[in-house]
Each structure stands twice: as C-alpha cells, then as structure tokens.
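What follows is a single structure, written as structure tokens, with notes after it.
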Number of protein chains: 2
Amino acid sequence: MNTKTDSQENINSNPENGPQPGKVRVAIVGVGLIGGSMALALTGSKMAGKVVGVDSNQIHADTALQLKLVEEILPLEEAVMQSDVVILAVPVNIAERLLPVIMNLVSKQVVLDVGSTKSAICVLAQSGKSPGRFVATHPMWGTEFSGPGAAVRGAFQGKAVVICDGEKSDADAVATVESIYGFLGMHIIYMNSSAHDIHAAYISHISHISSFALANTVLEKEKEDDKIFELASGGFESTVRLAKSNIETWVPVFRQNKENVLDVLNEHIAQLRKFKSCLEKDNFEYLGELIQNANKISRILK
Amino acid sequence: MNTKTDSQENINSNPENGPQPGKVRVAIVGVGLIGGSMALALTGSKMAGKVVGVDSNQIHADTALQLKLVEEILPLEEAVMQSDVVILAVPVNIAERLLPVIMNLVSKQVVLDVGSTKSAICVLAQSGKSPGRFVATHPMWGTEFSGPGAAVRGAFQGKAVVICDGEKSDADAVATVESIYGFLGMHIIYMNSSAHDIHAAYISHISHISSFALANTVLEKEKEDDKIFELASGGFESTVRLAKSNIETWVPVFRQNKENVLDVLNEHIAQLRKFKSCLEKDNFEYLGELIQNANKISRILK
C-alpha cells in the first residue's frame with residue numbers, strides 16, 4: 001500500500017467527445033448520499049463540465065434536481081454516452097448488476113465505482129470488454145443517512161480514498177480518477193481489492209454490526225421499560241449512531257464481504273467475552289489491562 | 001420515574017453558615033472532567049458564592065487553579081467546613097471511601113455525588129450520621145477525556161440528571177440540589193437507585209464495553225498490519241470514541257454495577273450472535289430484519 005495526494009491540475013479532458021476544454025463531463029449513477037455529495041462538489045466546478053444523474057428511484061431523481069445536485073436526470077444509456085466519466089454510486093449489489101451494462105456502452109469513458117466492497121466488482125470488471133476503462137475506488141466517507149437529501153457539501157475533504165487493483169486499469173483512466181479525488185481534497189491510498197475488503201471489515205463493517213447489535217440490545221429492553229432512553233447521552237448516541245444506516249446499502253455489503261466480516265465479528269465477540277469473563281471472575285486487574293490496551297486507540301484517533 | 005425541570009430561582013441559602021445572600025458556597029471534591037465542568041459553570045456565577053476544590057492529585061489541583069475552575073484548593077475537612085454544598089465528583093470507588101469521611105464532618109451541609117453507579121453509595125449513605133443531608137445524583141454527561149483540562153463550559157445544558165432515592169434525603173437538601181442542576185440547565189429525572197443502575201448499564205456502561213472491545217479487536221489486527229488505520233473514517237471514530245475513557249473511572253463502575261453490566265453484555269453478545277448466524281447461514285432476509293429493527297433507534301435519537 002502506498003499513498004499519494006494528487007494535484008488538482010492533472011485533469012484528463014477528452015476532446016474527441018467534445019467536452020469543454022479541461023473539464024470532464026460526468027454521469028453519476030445513483031444520486032444518493034455518496035453520489036449526491038460528489039455531485040454537490042462537481043456540478044458547476046472548475047473540474048467538471050455538465051454533470052448528469054441517473055436514478056431509478058423517481059423521488060431521489062426529483063430531489064436531486066430540486067437540490068440542483070445535477071443539471072439533468074437521464075436514462076442510463078444516454079447519460080453514459082454523453083459523459084467522459086461515469087461514477088457508479090449505488091448499493092454494491094446494484095453495482096454488480098449495472099457494471100456489465102455500463103461497460104458494454106463504454107468506449108473511451110472512464111467508469112469508477114465507490115462501493116464499500118471491492119473484490120467482487122474487480123473480478124466482474126475483468127470479465128467485460130474494455131476492463132481497463134474501469135477503476136475501483138472506495139472513498140472513506142459516509143454518514144448514517146441516505147438519499148440525495150443527505151448529501152453533504154465538502155464531504156470528502158481531507159478524507160482517504162482507496163484505489164484498488166489500479167494496475168488492471170488503463171493509466172489514463174487512473175489519472176482521471178486521481179484528478180477527480182484530488183479535486184475533492186482526498187488523499188489516495190493504493191491497495192489490492194482483497195486487502196481492501198479485509199481492512200474495510202475491520203475499520204467500517206464491524207462498526208456497523210456493533211452499532212446495529214447495540215441498538216437491538218437496548219431496544220429489546222425498551223419493550224419492558226419505555227423510559228430507558230430518557231437517560232441516553234452523548235456516549236450512547238455516538239456508539240449507536242451507525243445503527244440508523246440503511247438496509248439497502250448494508251445487507252449487500254455484508255453479503256459480499258461475508259467471510260471477512262465473519263472473521264472480525266468472531267474476533268469482536270471473543271474480545272467482548274474477555275470483558276464478560278473478567279466480570280464473572282471478579283478479575284478487575286485484567287479488566288483494567290483490557291481497558292488500558294483499548295486506550296491505545298488514542299494514538300491513532302486524536 | 002417522573003421528570004421535572006427546576007426553576008433557577010429556588011436557591012437554598014444557608015444564613016447560619018454565613019454565605020452571601022442567595023448564593024451557596026460550594027466545595028468540589030475531585031476537580032476532574034465532571035467536577036471541573038461543574039466548577040466552570042458555578043465559579044463566579046449568580047448561583048454560587050465561593051467555590052473551592054479538593055484534589056489529592058497535585059497536578060489536577062494545580063491545573064484547576066491555573067484554569068481558574070475554583071478559587072482555592074483546600075484540604076477536605078477545611079473545604080467541607082466552609083461550604084454549604086459538597087459535590088463529590090471522584091471515581092465511584094473513591095466516593096465510597098470519602099463519603100463516610102465527609103458525612104462525619106457534615107452538620108447542615110448538603111452532600112451530593114455525581115457517580116455513574118448509585119445503589120452502593122445510596123446504601124452506604126444510610127449507614128452514616130445525618131443520611132438526609134446526602135443526595136445521590138447522576139448527571140448524564142461525560143466525554144472520553146479526563147482531568148480538569150478536559151472540563152467543558154456549558155457541558156450540562158439541556159442534558160438529563162437523575163436524582164436517586166430522593167425520599168431518603170431531607171427535602172431542603174433535594175431542593176438545593178434541584179436548584180443547582182436547574183441552574184446548570186439540566187432536566188431532572190427521579191428514579192430509585194437500583195432502577196438507575198439497570199438503566200445506566202443499558203444506556204452507558206455497555207456502550208463503553210462495546211467501544212473498548214471494538215478498539216481491542218482492531219488493535220489486535222493492527223499488530224500484523226500497521227496500515228489498517230489509514231482507512232479509518234467518521235463511523236469508526238464514532239463507535240470507538242469511548243475506548244479512550246480512563247481506567248480509574250471505569251473499572252470501579254463495572255465492578256459496582258457488575259450484575260447489571262453482565263446481564264446487558266450477555267444480551268449484547270446474543271444480539272451479535274444473531275448477525276453471525278445470519279452470515280454463516282446466508283440468511284440475508286433475517287439480517288435485513290435485524291437491521292430494520294436497529295433502525296428504530298432513529299425514533300429516539302434524531
């Protein structure tokens with residue numbers, strides 16, 4: 001893995017398809033939280049020419065237009081044909097379905113996805129025509145909310161983005177993607193797709209499962225005692241925030257990254273059992289050691 | 001359990017001990033995160049006369065003075081003797097040690113504690129002389145940081161505070177405590193101490209164990225892959241934030257609330273096992289149901 005922050009100057013224009021000089025025409029397929037936030041950053045910017053959206057959810061499409069996230073909503077084929085860059089920002093199961101369709105339409109366009117799992121889509125991309133036009137990416141930003149109304153301006157600034165299996169993509173396609181993420185203010189990490197999926201299980205997917213399970217733990221108790229949340233304060237809100245995350249995004253992520261998520265979940269349950277054992281055995285010295293070890297996270301998260 | 005927001009007017013002055021009219025002289029025993037934040041709100045306010053601190057940690061004592069959290073640092077006995085209200089803001093195991101000492105010094109003073117467990121201290125208070133002068137409280141605010149340097153201005157504003165077993169305290173002592181928390185902007189919840197400890201296990205203590213265990217899960221992985229945190233983003237930070245919380249505060253809390261924490265921890269592990277079982281059995285329909293149930297937390301946390 002190596003890291004590189006790209007300059008915002010290296011923009012890949014595509015004069016044969018007739019964009020404004022130095023500007024890339026962008027199609028964003030899925031104008032939800034991630035696609036919508038990208039649209040917010042790109043529409044009307046010095047980086048992008050026309051930015052169009054594609055969304056099969058009519059309410060999302062209408063909202064994206066109302067919020068001026070994109071200039072136009074188009075059918076998928078039309079959007080791809082008139083763009084230089086196609087950003088696939090849909091749940092990872094939908095991405096698996098749409099990628100072959102999009103790759104069949106592509107000649108010189110660059111196609112990038114932004115999903116939370118990378119191995120499956122990287123394998124899939126290789127089976128189509130022009131696999132070099134595809135670049136697998138994962139911008140490490142999100143919130144527990146979804147839909148175009150949840151889009152955030154400046155969302156990606158200062159965050160990391162992973163480019164996976166970049167050696168399988170055409171050099172100019174990678175350069176275009178680097179320039180877009182550079183423009184969004186992200187620092188780029190290069191990693192193979194299977195390493196990414198292991199890392200993502202540890203650093204993102206398990207946090208979601210932990211939060212969902214914690215919410216269910218307390219909601220279960222609430223059935224007999226509906227006053228329980230009167231005591232909820234910042235600490236609780238912080239640990240269960242991700243439990244608001246939506247089913248459409250997360251079931252496919254857990255499905256695609258099942259083996260890695262299971263490994264981390266087993267480790268997490270084992271760690272929780274250490275706390276349980278300390279309490280059961282009144283071993284408060286070891287409980288202290290567990291807490292002191294956890295405190296090492298301060299090294300990493302300021 | 002019932003709730004009441006107290007007016008800031010109902011201030012219990014204690015003319016026999018000679019405070020400024022309408023102002024209570026306050027001793028804060030333990031000028032750390034909670035005591036220090038209370039000191040920040042009270043010192044120089046219309047609520048409090050002289051605010052003095054007590055701290056056996058010389059660095060904390062010096063810092064509290066430098067930050068002007070308190071007007072003076074005094075030995076415990078002297079501080080108690082010259083105050084109307086004594087706020088015991090130390091880890092719950094130290095509170096168990098200091099409460100009998102303080103209650104032996106008390107004549108008309110009001111003593112309140114602010115610990116995260118309430119059953120043990122409420123029992124202890126009954127065994128001393130003048131148990132009616134003691135009021136058991138738990139302001140539902142904290143951060144993962146500790147010490148006087150972590151004190152936050154306006155920390156308690158809009159948050160809940162629990163008063164436990166108030167019927168065992170003198171009415172004027174409860175009224176004084178209510179007026180202080182009213183002044184801090186908190187809404188007051190009344191609950192018996194054993195109900196509090198169950199609620200606190202669900203709404204606070206389990207969040208800390210979950211965070212500690214999640215940090216240990218990922219730190220374990222980091223031993224073989226030191227680049228793992230490059231991908232950490234907001235979701236991870238949110239769920240492991242509490243893992244920075246300190247051992248001195250939390251081991252005694254888990255010790256005192258062991259049975260309740262074990263009950264909730266067992267339930268939490270059982271909830272995690274449901275996710276594990278769904279993944280192992282490719283039961284993504286039930287996985288979706290678990291997530292949809294967890295989403296109900298949105299009702300409660302906006």
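We name chains A, B, ... following the order of the structure tokens; residues begin at 1 in each chain, and ligands are numbered from 1 as shown.
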
*Residues near A:Pro75, cut-off 8 Å, only C-alpha atoms, skip fewer than 3 positions along chain, as a ChimeraX atom specification*: /A:54,78-79

* **Exercise answer, chain B residues close to chain A, 6 Å and only C-alpha atoms, as number ranges by chain** => B: 140, 203-204, 207, 212-213, 215-217, 232-233, 236, 238-239, 243-244, 247, 268, 271-272, 288, 294-295, 298

Test item, helix (DSSP H, G or I) assignment across stretch 72-291 of chain B, answer as a PyMOL selection string:
chain B and resi 76-81+92-105+119-126+131-133+148-150+166-168+171-183+193-222+228-231+234-244+247-256+258-280+284-291

Separating atom CA of A:Gly132 from atom CA of A:Glu71, to the nearest tenth of an Å, is a gap of 28.3 Å

Skipping near chain neighbours, those fewer than 4 positions away, what residues fall within 7 Å of stretch 93-103 of chain B using only C-alpha atoms, listed as a short mmCIF file (atom, residue, chain, number, x, y, z; two decimals) with N, CA and C atoms, in the first residue's frame?
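Final output, saved to result.cif:
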data_model
loop_
_atom_site.label_atom_id
_atom_site.label_comp_id
_atom_site.auth_asym_id
_atom_site.auth_seq_id
_atom_site.Cartn_x
_atom_site.Cartn_y
_atom_site.Cartn_z
N LEU B 88 -19.35 15.63 45.41
CA LEU B 88 -18.37 14.54 45.40
C LEU B 88 -18.26 14.03 43.96
N ILE B 121 -23.66 3.48 46.76
CA ILE B 121 -23.46 4.71 47.53
C ILE B 121 -24.72 5.07 48.31
N GLY B 128 -24.43 6.15 57.67
CA GLY B 128 -23.73 7.22 58.38
C GLY B 128 -24.66 8.06 59.22
N LYS B 129 -24.11 9.08 59.84
CA LYS B 129 -24.98 10.01 60.57
C LYS B 129 -25.55 11.03 59.57
N PRO B 252 -13.97 0.76 38.43
CA PRO B 252 -14.87 0.78 39.58
C PRO B 252 -16.36 0.79 39.20
#

- For A:Ala150, list every protein, DNA or RNA residue within 8 Å, evaluated using only C-alpha atoms, and leave out those in the same chain fewer than 6 positions away; present the list as a ChimeraX atom specification. /A:32-33,36

- Task: Please identify which residues in stretch 54-237 of chain B DSSP calls strand (DSSP E) from the backbone, and express them as a list in words.
- Result: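 Filtering stretch 54-237 of chain B down to strand (DSSP E) leaves Val54, Glu72, Ile73, Val85, Val86, Ile87, Leu88, Val110, Val111, Leu112, Asp113, Phe134, Val135, Ala136, Thr137, His138, Pro139, Ala160, Val161, Val162, Ile163, Cys164, His187, Ile188, Ile189, Tyr190 and Met191 of chain B.
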
Who sits within 12 Å of stretch 163-169 of chain B, only C-alpha atoms, same chain under 3 positions skipped, as a VMD selection string = (chain A and resid 231) or (chain B and resid 1 to 4 110 to 123 125 to 126 130 to 140 160 172 to 178 181 186 to 197)

My list of candidates is A:Val90, A:Ala39, A:Val152, A:Val85. Which is closest to A:Val70 when distances are computed with only C-alpha atoms?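 Among A:Val90, A:Ala39, A:Val152, A:Val85, it is A:Ala39 that comes nearest to A:Val70.
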
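We find atom CA of A:Asn104 and atom CA of A:Val86 to be spaced 12.8 Å apart.
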
### Task
For B:Val52, please output as a VMD selection string all residues within 9 Å (counting only C-alpha atoms; exclusion window: fewer than 5 positions along the same chain).
chain B and resid 25 to 29 39 43 69 to 74 79 83

Residues as selected, N, CA and C atoms, written as a PDB file, in the first residue's frame, can you do that?
ATOM      1  N   ARG B  25     -22.190  28.378  48.979  1.00  0.00           N
ATOM      2  CA  ARG B  25     -20.736  28.151  48.918  1.00  0.00           C
ATOM      3  C   ARG B  25     -20.513  26.673  48.601  1.00  0.00           C
ATOM      4  N   VAL B  26     -19.664  26.422  47.625  1.00  0.00           N
ATOM      5  CA  VAL B  26     -19.549  25.070  47.087  1.00  0.00           C
ATOM      6  C   VAL B  26     -18.137  24.520  47.262  1.00  0.00           C
ATOM      7  N   ALA B  27     -18.046  23.277  47.724  1.00  0.00           N
ATOM      8  CA  ALA B  27     -16.782  22.539  47.710  1.00  0.00           C
ATOM      9  C   ALA B  27     -16.908  21.427  46.676  1.00  0.00           C
ATOM     10  N   ILE B  28     -15.963  21.378  45.735  1.00  0.00           N
ATOM     11  CA  ILE B  28     -15.995  20.319  44.730  1.00  0.00           C
ATOM     12  C   ILE B  28     -14.838  19.368  45.017  1.00  0.00           C
ATOM     13  N   VAL B  29     -15.196  18.156  45.412  1.00  0.00           N
ATOM     14  CA  VAL B  29     -14.180  17.162  45.769  1.00  0.00           C
ATOM     15  C   VAL B  29     -13.901  16.324  44.518  1.00  0.00           C
ATOM     16  N   ALA B  39     -17.466  23.145  38.192  1.00  0.00           N
ATOM     17  CA  ALA B  39     -16.783  24.324  38.710  1.00  0.00           C
ATOM     18  C   ALA B  39     -16.830  25.458  37.683  1.00  0.00           C
ATOM     19  N   THR B  43     -18.391  28.718  39.383  1.00  0.00           N
ATOM     20  CA  THR B  43     -17.480  29.742  39.896  1.00  0.00           C
ATOM     21  C   THR B  43     -17.809  31.111  39.293  1.00  0.00           C
ATOM     22  N   LEU B  69     -10.767  27.216  37.557  1.00  0.00           N
ATOM     23  CA  LEU B  69     -12.007  26.452  37.732  1.00  0.00           C
ATOM     24  C   LEU B  69     -12.551  26.699  39.130  1.00  0.00           C
ATOM     25  N   VAL B  70     -11.638  26.754  40.114  1.00  0.00           N
ATOM     26  CA  VAL B  70     -12.014  27.007  41.513  1.00  0.00           C
ATOM     27  C   VAL B  70     -11.178  28.166  42.041  1.00  0.00           C
ATOM     28  N   GLU B  71     -11.665  28.754  43.144  1.00  0.00           N
ATOM     29  CA  GLU B  71     -10.962  29.910  43.689  1.00  0.00           C
ATOM     30  C   GLU B  71      -9.780  29.490  44.548  1.00  0.00           C
ATOM     31  N   GLU B  72      -9.880  28.292  45.112  1.00  0.00           N
ATOM     32  CA  GLU B  72      -8.868  27.845  46.064  1.00  0.00           C
ATOM     33  C   GLU B  72      -8.888  26.323  46.118  1.00  0.00           C
ATOM     34  N   ILE B  73      -7.747  25.723  46.377  1.00  0.00           N
ATOM     35  CA  ILE B  73      -7.706  24.287  46.662  1.00  0.00           C
ATOM     36  C   ILE B  73      -7.458  24.145  48.165  1.00  0.00           C
ATOM     37  N   LEU B  74      -8.280  23.369  48.829  1.00  0.00           N
ATOM     38  CA  LEU B  74      -8.176  23.235  50.287  1.00  0.00           C
ATOM     39  C   LEU B  74      -8.135  21.758  50.669  1.00  0.00           C
ATOM     40  N   ALA B  79     -12.439  22.404  53.429  1.00  0.00           N
ATOM     41  CA  ALA B  79     -13.359  22.710  52.326  1.00  0.00           C
ATOM     42  C   ALA B  79     -14.800  22.416  52.727  1.00  0.00           C
ATOM     43  N   SER B  83     -18.264  25.261  53.492  1.00  0.00           N
ATOM     44  CA  SER B  83     -19.193  25.250  52.343  1.00  0.00           C
ATOM     45  C   SER B  83     -20.618  24.897  52.760  1.00  0.00           C
TER      46      SER B  83
END
